[in-house]
>>> print(open('query.csv').read())   # CSV, C-alpha atoms and all ligand atoms
chain,number,residue,atom,x,y,z
A,1,MET,CA,89.0,109.0,82.6
A,2,THR,CA,89.2,109.2,86.4
A,3,THR,CA,86.2,110.2,88.5
A,4,GLU,CA,87.2,112.5,91.3
A,5,PHE,CA,85.8,111.3,94.7
A,6,THR,CA,87.1,113.1,97.7
A,7,LEU,CA,87.0,112.4,101.5
A,8,ARG,CA,84.5,115.2,101.6
A,9,ASP,CA,82.3,113.2,99.2
A,10,LEU,CA,82.8,110.1,101.4
A,11,GLU,CA,81.8,112.1,104.5
A,12,ALA,CA,78.6,113.2,102.9
A,13,ARG,CA,77.8,109.7,101.7
A,14,VAL,CA,78.5,108.2,105.2
A,15,ARG,CA,76.2,110.9,106.8
A,16,GLU,CA,73.5,110.2,104.3
A,17,ARG,CA,73.7,106.4,104.6
A,18,ALA,CA,74.2,106.2,108.4
A,19,SER,CA,70.8,107.8,108.9
A,20,SER,CA,69.1,105.7,106.2
A,21,ASP,CA,66.9,102.7,107.1
A,22,ASP,CA,68.0,101.0,103.9
A,23,PRO,CA,68.5,97.3,104.9
A,24,SER,CA,71.1,97.0,102.2
A,25,SER,CA,73.3,99.7,103.7
A,26,TYR,CA,76.4,98.5,105.4
A,27,THR,CA,76.9,102.0,106.8
A,28,ALA,CA,73.5,102.0,108.4
A,29,LYS,CA,74.0,98.5,109.9
A,30,LEU,CA,77.4,99.4,111.2
A,31,ALA,CA,76.4,102.8,112.7
A,32,ALA,CA,73.4,101.1,114.4
A,33,ARG,CA,75.8,98.8,116.2
A,34,GLY,CA,77.4,101.8,117.9
A,35,MET,CA,80.8,103.1,118.8
A,36,PRO,CA,82.3,100.0,120.3
A,37,LYS,CA,81.7,98.0,117.1
A,38,VAL,CA,82.9,100.9,114.8
A,39,ALA,CA,86.0,101.4,117.0
A,40,GLN,CA,86.7,97.6,116.8
A,41,LYS,CA,86.3,97.6,113.0
A,42,LEU,CA,88.6,100.6,112.7
A,43,GLY,CA,91.3,98.8,114.7
A,44,GLU,CA,90.9,95.7,112.5
A,45,GLU,CA,91.3,97.7,109.4
A,46,ALA,CA,94.3,99.4,110.8
A,47,VAL,CA,96.0,96.1,111.5
A,48,GLU,CA,95.0,94.8,108.0
A,49,THR,CA,96.6,98.0,106.5
A,50,VAL,CA,99.8,97.4,108.4
A,51,ILE,CA,100.0,93.8,107.3
A,52,ALA,CA,99.4,94.8,103.7
A,53,ALA,CA,102.1,97.5,103.9
A,54,LEU,CA,104.6,94.9,105.1
A,55,GLN,CA,103.8,91.9,102.9
A,56,GLU,CA,101.1,92.6,100.3
A,57,SER,CA,100.8,94.2,96.9
A,58,ASP,CA,100.3,97.9,96.2
A,59,ALA,CA,96.7,97.0,95.1
A,60,ALA,CA,96.0,95.2,98.3
A,61,LEU,CA,97.4,98.1,100.4
A,62,THR,CA,95.3,100.6,98.4
A,63,GLY,CA,92.2,98.5,99.2
A,64,GLU,CA,93.0,98.3,102.9
A,65,ALA,CA,93.8,102.0,103.1
A,66,ALA,CA,90.3,102.7,101.5
A,67,ASP,CA,88.7,100.4,104.1
A,68,LEU,CA,90.6,102.2,106.9
A,69,LEU,CA,89.6,105.7,105.7
A,70,TYR,CA,85.9,104.6,105.3
A,71,HIS,CA,85.7,103.2,108.8
A,72,LEU,CA,87.5,106.3,110.2
A,73,MET,CA,84.8,108.5,108.5
A,74,VAL,CA,82.1,106.4,110.1
A,75,LEU,CA,83.7,106.7,113.5
A,76,LEU,CA,84.1,110.5,113.2
A,77,HIS,CA,80.5,110.7,112.0
A,78,LEU,CA,79.3,108.9,115.2
A,79,ARG,CA,81.3,111.3,117.3
A,80,GLY,CA,79.9,114.3,115.4
A,81,ILE,CA,83.4,115.4,114.4
A,82,PRO,CA,83.4,116.9,110.9
A,83,LEU,CA,86.3,116.2,108.5
A,84,ALA,CA,86.8,120.0,108.4
A,85,ALA,CA,87.9,119.8,112.0
A,86,VAL,CA,90.5,117.2,111.2
A,87,GLU,CA,91.6,119.2,108.2
A,88,ALA,CA,91.9,122.3,110.4
A,89,GLU,CA,94.1,120.4,112.9
A,90,LEU,CA,96.3,119.2,110.0
A,91,ALA,CA,96.5,122.8,108.7
A,92,ARG,CA,97.4,124.1,112.1
A,93,ARG,CA,100.3,121.6,112.2
A,94,THR,CA,101.8,122.9,109.0
A,95,ALA,CA,103.1,125.8,111.0
A,96,GLN,CA,105.9,123.6,112.3
A,97,THR,CA,107.6,120.4,111.4
A,98,GLY,CA,106.5,117.1,112.9
A,99,LEU,CA,109.6,116.9,115.1
A,100,GLU,CA,109.1,120.5,116.4
A,101,GLU,CA,105.5,119.5,117.3
A,102,LYS,CA,106.7,116.4,119.1
A,103,ALA,CA,109.3,118.5,121.0
A,104,ALA,CA,106.6,121.0,122.0
A,105,ARG,CA,104.6,118.1,123.5
A,106,GLY,CA,107.6,117.1,125.5
A,107,ALA,CA,107.7,113.7,123.7
A,108,GLN,CA,110.8,111.5,123.6
A,109,THR,CA,112.4,111.1,120.2
B,1,LIG,N1,83.7,102.9,101.2
B,1,LIG,C1,82.9,102.1,101.7
B,1,LIG,C2,83.4,100.9,102.3
B,1,LIG,N2,84.6,100.4,102.4
B,1,LIG,C3,84.4,99.2,103.0
B,1,LIG,N3,83.1,99.0,103.2
B,1,LIG,C4,82.5,97.8,103.8
B,1,LIG,O1,83.2,97.4,105.0
B,1,LIG,C5,82.9,96.0,105.2
B,1,LIG,C6,84.2,95.5,105.8
B,1,LIG,O2,84.2,94.1,105.6
B,1,LIG,P1,84.5,93.1,106.8
B,1,LIG,O3,84.5,91.8,106.2
B,1,LIG,O4,85.7,93.5,107.5
B,1,LIG,O5,83.3,93.3,107.7
B,1,LIG,P2,82.0,92.4,107.9
B,1,LIG,O6,82.4,91.0,108.0
B,1,LIG,O7,81.0,92.8,106.8
B,1,LIG,O8,81.4,93.0,109.3
B,1,LIG,P3,81.5,92.4,110.7
B,1,LIG,O9,80.9,91.0,110.7
B,1,LIG,O10,83.0,92.3,111.1
B,1,LIG,O11,80.8,93.3,111.6
B,1,LIG,C7,82.5,95.4,103.9
B,1,LIG,O12,81.2,95.0,104.0
B,1,LIG,C8,82.7,96.5,102.9
B,1,LIG,O13,81.7,96.5,101.9
B,1,LIG,C9,82.4,100.0,102.8
B,1,LIG,N4,81.1,100.2,102.8
B,1,LIG,C10,80.7,101.4,102.2
B,1,LIG,N5,81.5,102.4,101.7
B,1,LIG,C11,81.0,103.6,101.1
B,1,LIG,O14,79.8,103.9,101.7
B,1,LIG,C12,78.8,104.0,100.7
B,1,LIG,C13,77.5,103.6,101.2
B,1,LIG,O15,77.5,102.2,101.5
B,1,LIG,P4,76.2,101.5,102.1
B,1,LIG,O16,76.0,102.1,103.4
B,1,LIG,O17,76.6,100.0,102.2
B,1,LIG,O18,75.1,101.8,101.1
B,1,LIG,C14,79.3,103.2,99.5
B,1,LIG,O19,78.7,103.6,98.3
B,1,LIG,C15,80.8,103.5,99.6
B,1,LIG,O20,81.0,104.8,99.1
>>> encode(input="query.csv", output="structure tokens")
Amino acid sequence: MTTEFTLRDLEARVRERASSDDPSSYTAKLAARGMPKVAQKLGEEAVETVIAALQESDAALTGEAADLLYHLMVLLHLRGIPLAAVEAELARRTAQTGLEEKAARGAQT
């Protein structure tokens, strides 16, 4: 049996734990260290995800991807950007292909 746990659930959990004063909460400890630390952690997790993608197992990559998404959720929380805003941006982009969007930005291919 699989238990469904969505990014919305993670967002709610991060919101709840970031404002808790539970000394056992990693989220509370990380959030208290502020945006520079959270941004640094997100960057580290991104690099670890890339390394896992290139040379580690599927299980390792899955774990790194989870770390990456968790730290992204903490960063968005600190900036007050709801997951719904990111979802809305992704939904907006479904109106065109990725390459059309890139061309509209005037980016080089
Ligand atoms: N999904 C996660 C999650 N993913 C990764 N991590 C933590 O992220 C940390 C990353 O490990 P690192 O070794 O890179 O970092 P570190 O050495 O502890 O920190 P630094 O010294 O680098 O600052 C680990 O402590 C992991 O436990 C997470 N911590 C929490 N969650 C979720 O948040 C919920 C609330 O957690 P708490 O806030 O700890 O109660 C949990 O129930 C989970 O749902």
>>> residues_around(input="query.csv", residues="Pro36 of chain A", least_positions_apart="5", cutoff="12 Å", atoms="all atoms listed in the file", output="JSON, numbers by chain")
{"A": [30, 31, 41, 42, 43, 75, 78, 79]}
>>> residues_near_ligand(input="query.csv", ligand="ligand LIG 1 (chain B)", cutoff="9 Å", atoms="all atoms listed in the file", output="JSON, numbers by chain")
{"A": [9, 10, 11, 13, 14, 16, 17, 18, 20, 22, 23, 24, 25, 26, 27, 28, 29, 30, 33, 37, 38, 40, 41, 44, 45, 63, 64, 66, 67, 68, 69, 70, 71]}
>>> axis_aligned_box(input="query.csv", around="segment 47-51 of chain A", padding_each_side="8 Å", output="lines of an AutoDock Vina configuration file")
center_x = 97.5
center_y = 95.9
center_z = 109.0
size_x = 21.0
size_y = 20.2
size_z = 21.0
>>> closest_residue(input="query.csv", among="A:Ala85, A:Ile51, A:Val74, A:Leu61", to="Ala32 of chain A", atoms="only C-alpha atoms")
A:Val74
>>> closest_residue(input="query.csv", among="A:Ile81, A:Met73, A:Ala88, A:Ala104", to="Ala12 of chain A", atoms="only C-alpha atoms")
A:Met73
>>> closest_residue(input="query.csv", among="A:Arg105, A:Glu87, A:Val50, A:His77", to="Ala65 of chain A", atoms="all atoms listed in the file")
A:Val50
>>> decode(input="query.csv", residues="segment 60-81 of chain A", atoms="N, CA and C atoms", output="compact mmCIF listing (two decimals), in the first residue's frame")
# COMPACT_ATOMS: atom_id res chain seq x y z
N ALA A 60 19.48 6.45 -5.02
CA ALA A 60 20.24 7.60 -4.55
C ALA A 60 19.71 8.88 -5.18
N LEU A 61 19.43 8.81 -6.49
CA LEU A 61 18.89 9.99 -7.18
C LEU A 61 17.52 10.39 -6.62
N THR A 62 16.70 9.39 -6.33
CA THR A 62 15.38 9.67 -5.76
C THR A 62 15.54 10.39 -4.41
N GLY A 63 16.48 9.93 -3.61
CA GLY A 63 16.71 10.57 -2.31
C GLY A 63 17.20 12.00 -2.45
N GLU A 64 18.11 12.22 -3.38
CA GLU A 64 18.63 13.58 -3.60
C GLU A 64 17.54 14.49 -4.14
N ALA A 65 16.69 13.95 -5.01
CA ALA A 65 15.58 14.75 -5.55
C ALA A 65 14.62 15.17 -4.43
N ALA A 66 14.39 14.25 -3.49
CA ALA A 66 13.53 14.58 -2.34
C ALA A 66 14.16 15.68 -1.48
N ASP A 67 15.48 15.58 -1.24
CA ASP A 67 16.18 16.62 -0.48
C ASP A 67 16.06 17.97 -1.20
N LEU A 68 16.21 17.92 -2.52
CA LEU A 68 16.16 19.16 -3.32
C LEU A 68 14.78 19.81 -3.22
N LEU A 69 13.74 19.01 -3.38
CA LEU A 69 12.38 19.56 -3.33
C LEU A 69 12.05 20.09 -1.94
N TYR A 70 12.50 19.37 -0.91
CA TYR A 70 12.25 19.83 0.46
C TYR A 70 12.91 21.21 0.68
N HIS A 71 14.17 21.34 0.30
CA HIS A 71 14.86 22.61 0.52
C HIS A 71 14.27 23.72 -0.34
N LEU A 72 13.79 23.38 -1.54
CA LEU A 72 13.11 24.38 -2.37
C LEU A 72 11.83 24.86 -1.66
N MET A 73 11.12 23.93 -1.06
CA MET A 73 9.89 24.31 -0.34
C MET A 73 10.19 25.24 0.83
N VAL A 74 11.32 24.99 1.52
CA VAL A 74 11.69 25.86 2.64
C VAL A 74 12.04 27.26 2.11
N LEU A 75 12.77 27.29 0.99
CA LEU A 75 13.16 28.59 0.40
C LEU A 75 11.92 29.38 -0.04
N LEU A 76 10.99 28.71 -0.71
CA LEU A 76 9.76 29.40 -1.15
C LEU A 76 8.97 29.89 0.06
N HIS A 77 8.95 29.08 1.11
CA HIS A 77 8.24 29.48 2.33
C HIS A 77 8.83 30.77 2.89
N LEU A 78 10.17 30.83 2.95
CA LEU A 78 10.82 32.02 3.50
C LEU A 78 10.51 33.27 2.66
N ARG A 79 10.36 33.08 1.36
CA ARG A 79 10.03 34.21 0.49
C ARG A 79 8.53 34.49 0.43
N GLY A 80 7.74 33.64 1.06
CA GLY A 80 6.29 33.84 1.06
C GLY A 80 5.63 33.54 -0.27
N ILE A 81 6.29 32.70 -1.06
CA ILE A 81 5.74 32.32 -2.37
C ILE A 81 5.05 30.97 -2.23
